[in-house]
$ cat protein_15.csv   # CSV, C-alpha atoms and all ligand atoms
chain,number,residue,atom,x,y,z
A,1,MET,CA,-151.5,-42.3,51.7
A,2,LYS,CA,-150.7,-42.4,55.3
A,3,ILE,CA,-147.5,-44.0,56.6
A,4,PHE,CA,-147.6,-46.2,59.7
A,5,ILE,CA,-144.5,-47.7,61.4
A,6,ASP,CA,-144.5,-51.5,61.8
A,7,SER,CA,-142.5,-51.7,64.9
A,8,ALA,CA,-142.5,-52.0,68.7
A,9,ASN,CA,-139.1,-50.4,69.1
A,10,ILE,CA,-139.7,-47.2,71.1
A,11,ALA,CA,-136.6,-45.4,69.8
A,12,ASP,CA,-137.7,-46.0,66.2
A,13,ILE,CA,-141.3,-45.1,66.8
A,14,ARG,CA,-140.2,-41.8,68.6
A,15,ALA,CA,-137.8,-40.9,65.8
A,16,ALA,CA,-140.4,-41.6,63.0
A,17,TYR,CA,-143.1,-39.7,65.0
A,18,ASP,CA,-140.8,-36.7,65.6
A,19,MET,CA,-140.0,-36.5,61.9
A,20,GLY,CA,-143.8,-36.2,61.1
A,21,ALA,CA,-143.4,-39.4,59.0
A,22,ILE,CA,-146.0,-41.6,60.7
A,23,SER,CA,-149.7,-41.3,61.8
A,24,GLY,CA,-150.0,-44.8,63.3
A,25,VAL,CA,-148.2,-47.8,64.7
A,26,THR,CA,-148.7,-51.5,63.9
A,27,THR,CA,-147.4,-54.4,65.8
A,28,ASN,CA,-147.7,-58.2,65.7
A,29,PRO,CA,-146.5,-60.9,68.1
A,30,SER,CA,-143.2,-61.4,66.2
A,31,ILE,CA,-142.5,-57.6,66.3
A,32,ILE,CA,-143.3,-57.5,70.0
A,33,SER,CA,-141.0,-60.5,70.7
A,34,ARG,CA,-138.0,-58.8,69.2
A,35,GLU,CA,-137.9,-56.1,71.9
A,36,ASN,CA,-137.5,-58.5,74.9
A,37,ARG,CA,-139.9,-56.4,77.0
A,38,LYS,CA,-143.3,-57.0,78.5
A,39,PHE,CA,-146.2,-56.3,76.1
A,40,ASP,CA,-147.9,-54.0,78.6
A,41,ASP,CA,-144.8,-51.9,79.0
A,42,ILE,CA,-144.3,-51.6,75.2
A,43,ILE,CA,-147.9,-50.6,74.7
A,44,ALA,CA,-147.8,-48.1,77.5
A,45,ASP,CA,-144.7,-46.4,75.9
A,46,VAL,CA,-146.3,-46.4,72.4
A,47,THR,CA,-149.5,-44.8,73.7
A,48,GLU,CA,-147.4,-42.0,75.2
A,49,ILE,CA,-145.9,-41.2,71.8
A,50,MET,CA,-148.7,-42.0,69.4
A,51,VAL,CA,-151.3,-39.8,71.0
A,52,ASP,CA,-153.1,-38.8,67.8
A,53,GLY,CA,-153.3,-42.0,65.7
A,54,PRO,CA,-154.1,-45.7,65.8
A,55,ILE,CA,-152.0,-48.3,67.5
A,56,PHE,CA,-152.6,-51.9,66.3
A,57,ALA,CA,-152.2,-54.8,68.7
A,58,GLU,CA,-152.9,-58.4,67.8
A,59,VAL,CA,-154.8,-61.1,69.7
A,60,LEU,CA,-153.2,-64.5,70.2
A,61,SER,CA,-156.3,-66.8,70.7
A,62,LEU,CA,-157.4,-69.0,67.8
A,63,ASP,CA,-161.0,-69.3,68.9
A,64,ALA,CA,-163.6,-66.5,68.6
A,65,GLU,CA,-164.5,-66.4,72.3
A,66,GLY,CA,-160.8,-66.0,73.3
A,67,MET,CA,-160.2,-63.3,70.6
A,68,ILE,CA,-163.3,-61.4,71.7
A,69,GLU,CA,-162.1,-61.4,75.3
A,70,GLU,CA,-158.6,-60.4,74.3
A,71,GLY,CA,-159.9,-57.7,71.9
A,72,LYS,CA,-162.1,-56.1,74.6
A,73,LYS,CA,-159.1,-56.0,77.0
A,74,LEU,CA,-156.8,-54.5,74.3
A,75,ALA,CA,-159.4,-51.9,73.4
A,76,ALA,CA,-159.8,-50.9,77.0
A,77,ILE,CA,-156.1,-50.0,77.3
A,78,ASN,CA,-156.4,-46.9,75.2
A,79,LYS,CA,-158.9,-45.2,72.8
A,80,ASN,CA,-156.4,-45.4,70.0
A,81,ILE,CA,-156.0,-49.2,70.1
A,82,VAL,CA,-157.1,-51.1,67.0
A,83,VAL,CA,-157.5,-54.9,67.6
A,84,LYS,CA,-155.8,-57.1,65.0
A,85,ILE,CA,-157.6,-60.3,64.3
A,86,PRO,CA,-156.1,-63.0,62.0
A,87,MET,CA,-158.0,-63.9,58.9
A,88,ILE,CA,-159.4,-67.3,59.9
A,89,PRO,CA,-163.1,-68.3,60.2
A,90,GLU,CA,-163.0,-68.0,64.0
A,91,GLY,CA,-161.5,-64.6,63.5
A,92,LEU,CA,-164.4,-63.4,61.4
A,93,LYS,CA,-166.8,-64.2,64.2
A,94,ALA,CA,-164.6,-62.1,66.5
A,95,VAL,CA,-164.6,-59.3,64.0
A,96,LYS,CA,-168.4,-59.2,63.8
A,97,ALA,CA,-168.7,-59.2,67.6
A,98,LEU,CA,-166.0,-56.7,68.4
A,99,SER,CA,-167.0,-54.3,65.6
A,100,SER,CA,-170.7,-54.4,66.7
A,101,LEU,CA,-169.4,-53.2,70.1
A,102,GLY,CA,-167.8,-50.2,68.4
A,103,ILE,CA,-164.2,-51.5,68.6
A,104,ASN,CA,-162.0,-50.9,65.6
A,105,VAL,CA,-160.7,-54.1,64.1
A,106,CYS,CA,-158.0,-54.8,61.5
A,107,VAL,CA,-158.2,-58.2,59.8
A,108,THR,CA,-154.6,-59.2,59.3
A,109,VAL,CA,-152.6,-61.8,57.4
A,110,ILE,CA,-154.7,-61.3,54.3
A,111,PHE,CA,-153.4,-63.1,51.2
A,112,SER,CA,-156.3,-63.0,48.8
A,113,ALA,CA,-159.1,-60.7,47.6
A,114,PRO,CA,-161.9,-63.1,48.8
A,115,GLN,CA,-160.5,-62.9,52.3
A,116,ALA,CA,-160.6,-59.1,52.1
A,117,ILE,CA,-164.2,-59.1,50.9
A,118,LEU,CA,-165.2,-61.4,53.8
A,119,ALA,CA,-163.3,-59.3,56.3
A,120,ALA,CA,-165.0,-56.1,55.1
A,121,ASN,CA,-168.4,-57.8,55.3
A,122,ALA,CA,-167.7,-58.9,58.9
A,123,GLY,CA,-167.2,-55.3,59.9
A,124,ALA,CA,-163.4,-54.8,59.7
A,125,ARG,CA,-162.4,-51.1,59.8
A,126,TYR,CA,-159.0,-52.1,58.2
A,127,VAL,CA,-157.8,-55.0,56.1
A,128,ALA,CA,-154.1,-55.8,56.0
A,129,PRO,CA,-152.8,-57.6,52.8
A,130,PHE,CA,-149.2,-58.9,53.3
A,131,VAL,CA,-147.5,-57.5,50.2
A,132,GLY,CA,-143.9,-58.6,50.7
A,133,ARG,CA,-144.8,-62.1,51.8
A,134,LEU,CA,-146.6,-62.7,48.5
A,135,ASP,CA,-143.5,-61.5,46.7
A,136,ASP,CA,-141.5,-64.0,48.8
A,137,ILE,CA,-143.4,-66.9,47.3
A,138,GLY,CA,-143.2,-65.7,43.7
A,139,GLU,CA,-146.5,-63.9,43.6
A,140,ASN,CA,-147.1,-60.2,43.2
A,141,GLY,CA,-148.2,-58.6,46.5
A,142,LEU,CA,-148.8,-55.3,44.8
A,143,ASP,CA,-151.3,-57.0,42.4
A,144,LEU,CA,-153.3,-58.1,45.5
A,145,ALA,CA,-153.3,-54.6,46.9
A,146,GLN,CA,-154.6,-53.2,43.6
A,147,GLU,CA,-157.3,-56.0,43.4
A,148,ILE,CA,-158.6,-55.1,46.8
A,149,ARG,CA,-158.5,-51.4,46.0
A,150,ASP,CA,-160.5,-52.0,42.8
A,151,ILE,CA,-163.1,-54.2,44.6
A,152,PHE,CA,-163.6,-51.8,47.5
A,153,ASP,CA,-163.9,-48.9,45.1
A,154,ALA,CA,-166.4,-50.8,42.8
A,155,GLN,CA,-168.5,-51.8,45.8
A,156,GLY,CA,-168.2,-48.5,47.8
A,157,ILE,CA,-166.7,-50.4,50.7
A,158,ASP,CA,-165.1,-47.9,53.2
A,159,THR,CA,-162.9,-50.5,55.0
A,160,MET,CA,-159.4,-49.1,54.8
A,161,ILE,CA,-156.6,-51.0,53.2
A,162,VAL,CA,-153.4,-51.0,55.3
A,163,ALA,CA,-150.8,-52.6,53.2
A,164,ALA,CA,-148.4,-54.6,55.4
A,165,SER,CA,-145.2,-56.5,54.8
A,166,VAL,CA,-143.9,-53.5,52.9
A,167,ARG,CA,-140.2,-54.0,52.2
A,168,HIS,CA,-138.9,-51.1,50.2
A,169,PRO,CA,-139.6,-47.6,48.9
A,170,VAL,CA,-140.8,-48.9,45.5
A,171,HIS,CA,-143.6,-50.8,47.3
A,172,VAL,CA,-144.6,-47.5,49.0
A,173,VAL,CA,-144.7,-45.5,45.8
A,174,GLU,CA,-146.7,-48.1,43.9
A,175,LEU,CA,-149.2,-48.5,46.9
A,176,ALA,CA,-149.6,-44.7,47.0
A,177,LYS,CA,-150.3,-44.5,43.2
A,178,MET,CA,-153.0,-47.1,43.5
A,179,GLY,CA,-154.8,-45.3,46.3
A,180,VAL,CA,-154.2,-47.6,49.1
A,181,ASP,CA,-155.1,-45.8,52.4
A,182,ILE,CA,-152.2,-46.8,54.5
A,183,ALA,CA,-148.8,-48.5,54.2
A,184,THR,CA,-147.1,-49.8,57.3
A,185,MET,CA,-143.4,-50.5,57.2
A,186,PRO,CA,-140.3,-50.9,59.3
A,187,PHE,CA,-138.3,-47.8,60.3
A,188,LYS,CA,-135.6,-48.9,57.9
A,189,VAL,CA,-138.0,-48.3,54.9
A,190,ILE,CA,-139.0,-44.9,56.2
A,191,MET,CA,-135.3,-43.9,56.3
A,192,GLN,CA,-134.7,-45.4,52.8
A,193,MET,CA,-137.6,-43.1,51.6
A,194,ALA,CA,-136.0,-40.1,53.3
A,195,LYS,CA,-132.5,-40.5,52.1
A,196,ASN,CA,-131.0,-39.8,48.7
A,197,PRO,CA,-127.3,-39.6,47.8
A,198,ASN,CA,-128.0,-36.6,45.5
A,199,THR,CA,-129.7,-34.7,48.4
A,200,GLU,CA,-126.8,-35.5,50.8
A,201,GLY,CA,-124.3,-34.5,48.1
A,202,ALA,CA,-126.1,-31.2,47.4
A,203,VAL,CA,-126.3,-30.3,51.1
A,204,LYS,CA,-122.5,-31.1,51.5
A,205,LYS,CA,-121.6,-29.0,48.5
A,206,PHE,CA,-123.7,-26.0,49.7
A,207,LEU,CA,-121.7,-26.0,52.9
A,208,GLU,CA,-118.4,-26.3,51.1
A,209,ASP,CA,-119.3,-23.4,48.8
A,210,TRP,CA,-120.4,-21.3,51.7
A,211,GLU,CA,-116.9,-21.6,53.1
A,212,LYS,CA,-115.7,-19.7,50.0
A,213,VAL,CA,-118.0,-16.7,50.8
A,214,PRO,CA,-115.9,-13.8,52.3
A,215,LYS,CA,-116.7,-13.4,55.9
A,301,LIG,O1,-147.0,-56.5,60.6
A,301,LIG,C1,-147.2,-57.5,59.6
A,301,LIG,C2,-146.2,-57.4,58.4
A,301,LIG,O2,-146.0,-56.1,58.1
A,301,LIG,C3,-144.9,-58.2,58.6
A,301,LIG,O3,-144.0,-57.9,57.6
A,301,LIG,O4,-141.8,-58.1,56.6
A,301,LIG,O5,-142.5,-59.7,58.4
A,301,LIG,O6,-143.5,-59.9,56.2
A,301,LIG,P1,-142.9,-58.9,57.2

$ encode --input "protein_15.csv" --output "C-alpha cells"
Amino acid sequence: MKIFIDSANIADIRAAYDMGAISGVTTNPSIISRENRKFDDIIADVTEIMVDGPIFAEVLSLDAEGMIEEGKKLAAINKNIVVKIPMIPEGLKAVKALSSLGINVCVTVIFSAPQAILAANAGARYVAPFVGRLDDIGENGLDLAQEIRDIFDAQGIDTMIVAASVRHPVHVVELAKMGVDIATMPFKVIMQMAKNPNTEGAVKKFLEDWEKVPK
C-alpha cells in the first residue's frame, strides 16, 4: 500500500518525501486554508518536491461546468495533478467529462459503497472514502474501505482506493491488510508510524554500551 501525505505544509511534505515515506500528496480546501498562503504558490512548491507522484488538488465549483473548467486549469499546471471532484451528482458529470479528456480524477468525500460504484463507473481513477469521519459519527470507516475493496475486486474495477481521513497507525495497518491501494494521512500519523519507544530505547542503549568499549 502506498502512503500519501494529506497536507499542504511544505516543510512536512519535504520531510516525508526525503524519508522515502510518501509517493503522493493530497490536499483539500481546508488543508490549503491552514497554510495562509496563495494556492498557486503552494502548488508550485509541492510540484518541485513531488516530481514523481500524484498531487491531488480539489475544485471548488458545485456545478459540472464550473468543475470541468477548474479541473482543466488544475490539470494544466503540472502533469502530476489529479483533480479532486466531490461526490455529488454534478460532480459525476464533471468526472465523466474530465476523464474522457484523459485527466486523472479522484472522487472525494465518499461515505458509502454505492457512491464508490457510481464514481468508478463515471471514470474516476481514484475514489476517496473518508475513514475517520465515519468513525467520528459512530460508524466504522474501515468497514467501508473493506466493502469498496471487495466490490472492486469482485467486479474487476481498477479504480484505485485512496483511503482518506486516516487518523492513526492502526487505520494504516488495517487498510494495508485489506489491500487498499493508497492511504493518505497527515505528517503526524507518518511520524507515529515511524516511532516506537522500544526502538528509541534500543538505539540509546547501544550508544551507552559503546561508551564502555575500550578505545
Ligand atoms: O483530505 C481529506 C481527508 O483526509 C480529511 O481528513 O481528518 O479532516 O477527516 P480529516

$ closest_residue --input "protein_15.csv" --among "A:Gly102, A:Ala8, A:Ala21, A:Pro54" --to "A:Asp40" --atoms "all atoms listed in the file"
A:Ala8

$ residues_near_ligand --input "protein_15.csv" --ligand "ligand LIG 301 (chain A)" --cutoff "6 Å" --atoms "all atoms listed in the file" --output "ChimeraX atom specification"
/A:6,27-28,132-133,164-165

$ residues_around --input "protein_15.csv" --residues "A:Ser30" --least-positions-apart "2" --cutoff "12 Å" --atoms "all atoms listed in the file" --output "PyMOL selection string"
chain A and resi 6-8+26-28+32-36+39+57-58+60

$ atom_distance --input "protein_15.csv" --atom1 "atom CA of A:Met1" --atom2 "atom CA of A:Asp45"
25.5 Å

$ residues_around --input "protein_15.csv" --residues "A:Ile110" --least-positions-apart "5" --cutoff "12 Å" --atoms "only C-alpha atoms" --output "PyMOL selection string"
chain A and resi 84-88+91+115-120+126-134+141+144-145+148+161-165

$ closest_residue --input "protein_15.csv" --among "A:Leu92, A:Ile137, A:Ile182, A:Ile10" --to "A:Ala124" --atoms "only C-alpha atoms"
A:Leu92

$ atom_distance --input "protein_15.csv" --atom1 "atom CA of A:Val95" --atom2 "atom CA of A:Val82"
11.5 Å

$ residues_near_point --input "protein_15.csv" --point "(-164.3, -50.6, 46.1)" --cutoff "12 Å" --atoms "only C-alpha atoms" --output "ChimeraX atom specification"
/A:113,116-117,120,145-161,179-180

$ atom_distance --input "protein_15.csv" --atom1 "atom CA of A:Ala11" --atom2 "atom CA of A:Arg167"
19.9 Å

$ closest_residue --input "protein_15.csv" --among "A:Asp52, A:Leu142, A:Val46, A:Pro114" --to "A:Glu174" --atoms "all atoms listed in the file"
A:Leu142
